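Single-structure report; data block below.
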Amino acid sequence: MDKATPHPLFKLATELGPLMIFFVANAKFNLFVATGAFMVAVTAAMIASYVVTRHVPMMAVVTGVIVIVFGTLTLVLHDETFIKMKPTIVYCLFAAVLGGGLLFGRSFIAIMFDQMFNLTATGWRALTMRWALFFLAMAVLNEIIWRTQTTDFWVAFKAFGAIPLTMGFAISQMPLVKRYHLEPASLEASEAEAGDISKG
């Protein structure tokens with residue numbers, strides 16, 4: 001079944017809603033209650049996304065699975081370390097997928113971000129490498145913050161720091177996307193060429 005295009009506000013709600021619930025629950029209760037609420041919210045967001053659009057973005061699926069696994073470890077073992085390490089694992093996984101794709105002549109940016117790009121081979125390589133390095137930097141930043149700052153500070157950064165940083169980085173890549181953008185001859189051609197860096 002073809003996926004529907006979600007309303008921007010719906011997309012924003014499913015992406016940011018769980019983080020806001022996580023932040024509020026931590027502020028009112030503690031990290032363990034927040035972790036449970038976060039797991040429920042992430043699951044609900046994926047279900048809502050599928051019901052409305054008949055599709056769940058790849059990043060949401062990967063993140064959701066890791067949230068559930070590390071959230072369960074956090075609650076069962078009553079250890080904050082697991083949920084705090086979750087972003088590090090996610091960022092490293094994304095960086096590994098992008099870097100690994102480059103080794104095999106593919107860019108998985110379009111799949112990862114659930115968007116269609118049509119760039120030259122040089123553009124794909126540059127964009128993929130930049131995002132891979134960005135995710136590695138975010139992994140290091142998460143490790144530094146959770147290991148040196150309070151839990152409340154880490155939660156606040158997760159809710160109000162990581163998202164703006166990611167959005168800011170994405171916006172900063174638009175000149176590169178425009179510079180190497182190609183107009184596909186057809187939609188089929190665009191889908192066939194998306195992420196192909198084996199040419200050029």
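The chains in the structure tokens are called A, B, ... from first to last as shown; in each chain the residues are counted from 1, and the ligands are counted from 1 in the order shown.
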Selection: 12 Å around Val65 of chain A, only C-alpha atoms, excl. self and same-chain fewer than 6 positions, as a VMD selection string: chain A and resid 39 to 40 42 to 43 46 58 to 59 71 to 72 86 89 to 90
File of the preceding selection, all heavy atoms, as an mmCIF file, in the first residue's frame:
data_model
loop_
_atom_site.group_PDB
_atom_site.id
_atom_site.type_symbol
_atom_site.label_atom_id
_atom_site.label_comp_id
_atom_site.auth_asym_id
_atom_site.auth_seq_id
_atom_site.Cartn_x
_atom_site.Cartn_y
_atom_site.Cartn_z
ATOM 1 N N MET A 39 9.116 4.959 26.531
ATOM 2 C CA MET A 39 8.915 3.727 25.772
ATOM 3 C C MET A 39 7.490 3.636 25.235
ATOM 4 O O MET A 39 7.278 3.287 24.061
ATOM 5 C CB MET A 39 9.231 2.519 26.665
ATOM 6 C CG MET A 39 10.695 2.399 27.060
ATOM 7 S SD MET A 39 10.962 1.225 28.412
ATOM 8 C CE MET A 39 10.431 -0.310 27.639
ATOM 9 N N VAL A 40 6.525 3.964 26.078
ATOM 10 C CA VAL A 40 5.122 3.930 25.659
ATOM 11 C C VAL A 40 4.864 4.968 24.568
ATOM 12 O O VAL A 40 4.197 4.693 23.561
ATOM 13 C CB VAL A 40 4.185 4.180 26.859
ATOM 14 C CG1 VAL A 40 2.734 4.341 26.387
ATOM 15 C CG2 VAL A 40 4.297 3.045 27.868
ATOM 16 N N VAL A 42 7.031 6.393 22.445
ATOM 17 C CA VAL A 42 7.703 6.050 21.189
ATOM 18 C C VAL A 42 6.918 4.978 20.438
ATOM 19 O O VAL A 42 6.733 5.053 19.217
ATOM 20 C CB VAL A 42 9.149 5.565 21.458
ATOM 21 C CG1 VAL A 42 9.729 4.884 20.227
ATOM 22 C CG2 VAL A 42 10.020 6.738 21.858
ATOM 23 N N THR A 43 6.437 3.973 21.179
ATOM 24 C CA THR A 43 5.633 2.917 20.559
ATOM 25 C C THR A 43 4.338 3.488 19.978
ATOM 26 O O THR A 43 3.947 3.153 18.854
ATOM 27 C CB THR A 43 5.309 1.816 21.587
ATOM 28 O OG1 THR A 43 6.529 1.291 22.122
ATOM 29 C CG2 THR A 43 4.506 0.702 20.947
ATOM 30 N N MET A 46 4.996 5.390 16.723
ATOM 31 C CA MET A 46 5.199 4.521 15.559
ATOM 32 C C MET A 46 3.868 3.949 15.071
ATOM 33 O O MET A 46 3.618 3.867 13.864
ATOM 34 C CB MET A 46 6.178 3.403 15.904
ATOM 35 C CG MET A 46 7.619 3.858 16.035
ATOM 36 S SD MET A 46 8.803 2.468 16.083
ATOM 37 C CE MET A 46 8.375 1.730 17.665
ATOM 38 N N MET A 58 12.411 4.836 8.624
ATOM 39 C CA MET A 58 13.450 3.904 9.069
ATOM 40 C C MET A 58 14.137 4.373 10.348
ATOM 41 O O MET A 58 14.393 3.571 11.257
ATOM 42 C CB MET A 58 14.489 3.732 7.956
ATOM 43 C CG MET A 58 15.583 2.734 8.293
ATOM 44 S SD MET A 58 14.933 1.079 8.617
ATOM 45 C CE MET A 58 14.274 0.663 6.990
ATOM 46 N N MET A 59 14.422 5.679 10.441
ATOM 47 C CA MET A 59 15.073 6.191 11.649
ATOM 48 C C MET A 59 14.206 5.974 12.874
ATOM 49 O O MET A 59 14.700 5.663 13.961
ATOM 50 C CB MET A 59 15.403 7.687 11.495
ATOM 51 C CG MET A 59 16.612 7.976 10.633
ATOM 52 S SD MET A 59 17.111 9.716 10.663
ATOM 53 C CE MET A 59 17.839 9.841 12.303
ATOM 54 N N GLY A 71 15.525 0.798 27.287
ATOM 55 C CA GLY A 71 14.576 1.210 28.316
ATOM 56 C C GLY A 71 14.222 0.050 29.219
ATOM 57 O O GLY A 71 14.131 0.200 30.452
ATOM 58 N N THR A 72 14.027 -1.126 28.617
ATOM 59 C CA THR A 72 13.716 -2.319 29.408
ATOM 60 C C THR A 72 14.880 -2.669 30.339
ATOM 61 O O THR A 72 14.673 -2.987 31.517
ATOM 62 C CB THR A 72 13.424 -3.512 28.475
ATOM 63 O OG1 THR A 72 12.282 -3.201 27.662
ATOM 64 C CG2 THR A 72 13.132 -4.767 29.287
ATOM 65 N N LYS A 86 21.755 5.052 25.340
ATOM 66 C CA LYS A 86 20.945 4.796 24.152
ATOM 67 C C LYS A 86 21.254 5.740 23.004
ATOM 68 O O LYS A 86 21.473 5.276 21.853
ATOM 69 C CB LYS A 86 19.456 4.826 24.519
ATOM 70 C CG LYS A 86 18.518 4.402 23.396
ATOM 71 C CD LYS A 86 18.133 5.538 22.449
ATOM 72 C CE LYS A 86 17.375 6.641 23.146
ATOM 73 N NZ LYS A 86 17.025 7.731 22.201
ATOM 74 N N ILE A 89 24.507 4.794 21.254
ATOM 75 C CA ILE A 89 24.366 3.596 20.421
ATOM 76 C C ILE A 89 23.678 3.944 19.105
ATOM 77 O O ILE A 89 24.097 3.504 18.027
ATOM 78 C CB ILE A 89 23.568 2.506 21.156
ATOM 79 C CG1 ILE A 89 24.265 2.125 22.463
ATOM 80 C CG2 ILE A 89 23.387 1.286 20.264
ATOM 81 C CD1 ILE A 89 25.653 1.592 22.294
ATOM 82 N N VAL A 90 22.606 4.747 19.171
ATOM 83 C CA VAL A 90 21.860 5.128 17.968
ATOM 84 C C VAL A 90 22.747 5.924 17.018
ATOM 85 O O VAL A 90 22.818 5.633 15.813
ATOM 86 C CB VAL A 90 20.598 5.947 18.333
ATOM 87 C CG1 VAL A 90 19.956 6.534 17.078
ATOM 88 C CG2 VAL A 90 19.591 5.074 19.071
#
Interface rows for segment 77-143 of chain A against segment 16-34 of chain A: nearest pair, Å to one decimal, 12 Å, only C-alpha atoms, as JSON lines:
{"residue": "A:Leu77", "atom": "CA", "partner": "A:Phe32", "partner_atom": "CA", "distance": 10.6}
{"residue": "A:His78", "atom": "CA", "partner": "A:Phe32", "partner_atom": "CA", "distance": 7.5}
{"residue": "A:Asp79", "atom": "CA", "partner": "A:Phe32", "partner_atom": "CA", "distance": 8.6}
{"residue": "A:Glu80", "atom": "CA", "partner": "A:Leu31", "partner_atom": "CA", "distance": 7.3}
{"residue": "A:Thr81", "atom": "CA", "partner": "A:Leu31", "partner_atom": "CA", "distance": 10.7}
{"residue": "A:Phe82", "atom": "CA", "partner": "A:Phe32", "partner_atom": "CA", "distance": 11.0}
{"residue": "A:Ile83", "atom": "CA", "partner": "A:Leu31", "partner_atom": "CA", "distance": 9.0}
{"residue": "A:Lys84", "atom": "CA", "partner": "A:Leu31", "partner_atom": "CA", "distance": 9.9}
Residues of the last selection are to be written out with all heavy atoms, as a tab-separated table (two decimals), in the first residue's frame.
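As a result, out_26.tsv now contains:
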chain	number	residue	atom	x	y	z
A	77	LEU	N	16.93	-3.58	35.46
A	77	LEU	CA	18.15	-3.54	36.28
A	77	LEU	C	18.21	-2.31	37.18
A	77	LEU	O	19.13	-2.18	37.99
A	77	LEU	CB	19.38	-3.59	35.38
A	77	LEU	CG	19.50	-4.83	34.47
A	77	LEU	CD1	20.74	-4.73	33.59
A	77	LEU	CD2	19.54	-6.10	35.32
A	78	HIS	N	17.25	-1.40	37.00
A	78	HIS	CA	17.18	-0.16	37.77
A	78	HIS	C	18.51	0.59	37.69
A	78	HIS	O	19.08	1.03	38.69
A	78	HIS	CB	16.83	-0.44	39.23
A	78	HIS	CG	16.15	0.74	39.89
A	78	HIS	ND1	14.88	1.18	39.56
A	78	HIS	CD2	16.57	1.58	40.87
A	78	HIS	CE1	14.57	2.22	40.30
A	78	HIS	NE2	15.58	2.49	41.10
A	79	ASP	N	19.00	0.73	36.45
A	79	ASP	CA	20.30	1.37	36.20
A	79	ASP	C	20.13	2.42	35.11
A	79	ASP	O	19.78	2.10	33.97
A	79	ASP	CB	21.32	0.32	35.78
A	79	ASP	CG	22.74	0.86	35.69
A	79	ASP	OD1	22.90	2.09	35.60
A	79	ASP	OD2	23.68	0.05	35.71
A	80	GLU	N	20.39	3.70	35.46
A	80	GLU	CA	20.22	4.80	34.52
A	80	GLU	C	21.19	4.74	33.34
A	80	GLU	O	20.94	5.34	32.30
A	80	GLU	CB	20.42	6.13	35.24
A	80	GLU	CG	19.42	6.41	36.34
A	80	GLU	CD	19.68	7.75	37.01
A	80	GLU	OE1	20.73	8.39	36.69
A	80	GLU	OE2	18.85	8.17	37.84
A	81	THR	N	22.27	3.99	33.50
A	81	THR	CA	23.32	3.98	32.48
A	81	THR	C	22.78	3.57	31.11
A	81	THR	O	23.15	4.15	30.08
A	81	THR	CB	24.45	3.01	32.88
A	81	THR	OG1	24.98	3.42	34.14
A	81	THR	CG2	25.57	3.02	31.84
A	82	PHE	N	21.90	2.58	31.08
A	82	PHE	CA	21.43	2.05	29.80
A	82	PHE	C	20.67	3.08	28.97
A	82	PHE	O	20.92	3.23	27.78
A	82	PHE	CB	20.57	0.80	30.04
A	82	PHE	CG	21.34	-0.35	30.60
A	82	PHE	CD1	21.25	-0.67	31.95
A	82	PHE	CD2	22.17	-1.11	29.79
A	82	PHE	CE1	21.97	-1.73	32.47
A	82	PHE	CE2	22.90	-2.17	30.30
A	82	PHE	CZ	22.81	-2.48	31.65
A	83	ILE	N	19.73	3.79	29.59
A	83	ILE	CA	18.95	4.76	28.83
A	83	ILE	C	19.81	5.96	28.45
A	83	ILE	O	19.61	6.58	27.40
A	83	ILE	CB	17.70	5.22	29.62
A	83	ILE	CG1	16.69	5.89	28.67
A	83	ILE	CG2	18.05	6.15	30.76
A	83	ILE	CD1	16.12	4.99	27.61
A	84	LYS	N	20.81	6.26	29.27
A	84	LYS	CA	21.70	7.37	28.94
A	84	LYS	C	22.65	7.02	27.79
A	84	LYS	O	23.06	7.90	27.03
A	84	LYS	CB	22.52	7.78	30.18
A	84	LYS	CG	21.68	8.47	31.25
A	84	LYS	CD	22.53	8.85	32.45
A	84	LYS	CE	21.70	9.61	33.49
A	84	LYS	NZ	22.51	9.98	34.68
Atom-to-atom span, atom CA of Ser172 of chain A and atom CA of Leu12 of chain A, Å: 19.9 Å
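Counting only C-alpha atoms, the residue from A:Ile163, A:Ala132, A:Ala126, A:Leu75 that sits nearest to Val97 of chain A is A:Ala132.
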Backbone DSSP call of alpha helix (DSSP H) for segment 32-185 of chain A, listed as number ranges by chain: A: 32-53, 58-77, 81-103, 109-112, 121-148, 151-160, 162-172, 174-179
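Minimum atom-to-atom distance to Leu93 of chain A, evaluated using only C-alpha atoms, belongs to A:Ala139 out of A:Leu176, A:Val76, A:Ala139, A:Val56.
Between Ala95 of chain A and the residues A:Gly123, A:Met138, A:Thr63, A:Val69, the shortest atom-to-atom distance, using only C-alpha atoms, involves A:Met138.
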Given only C-alpha atoms as the counted atoms, nearest of A:Leu133, A:Leu103, A:Ile66, A:Ala48 to Phe10 of chain A: A:Ala48
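The coordinates place atom CA of Leu9 of chain A at 15.7 Å from atom CA of Pro57 of chain A.
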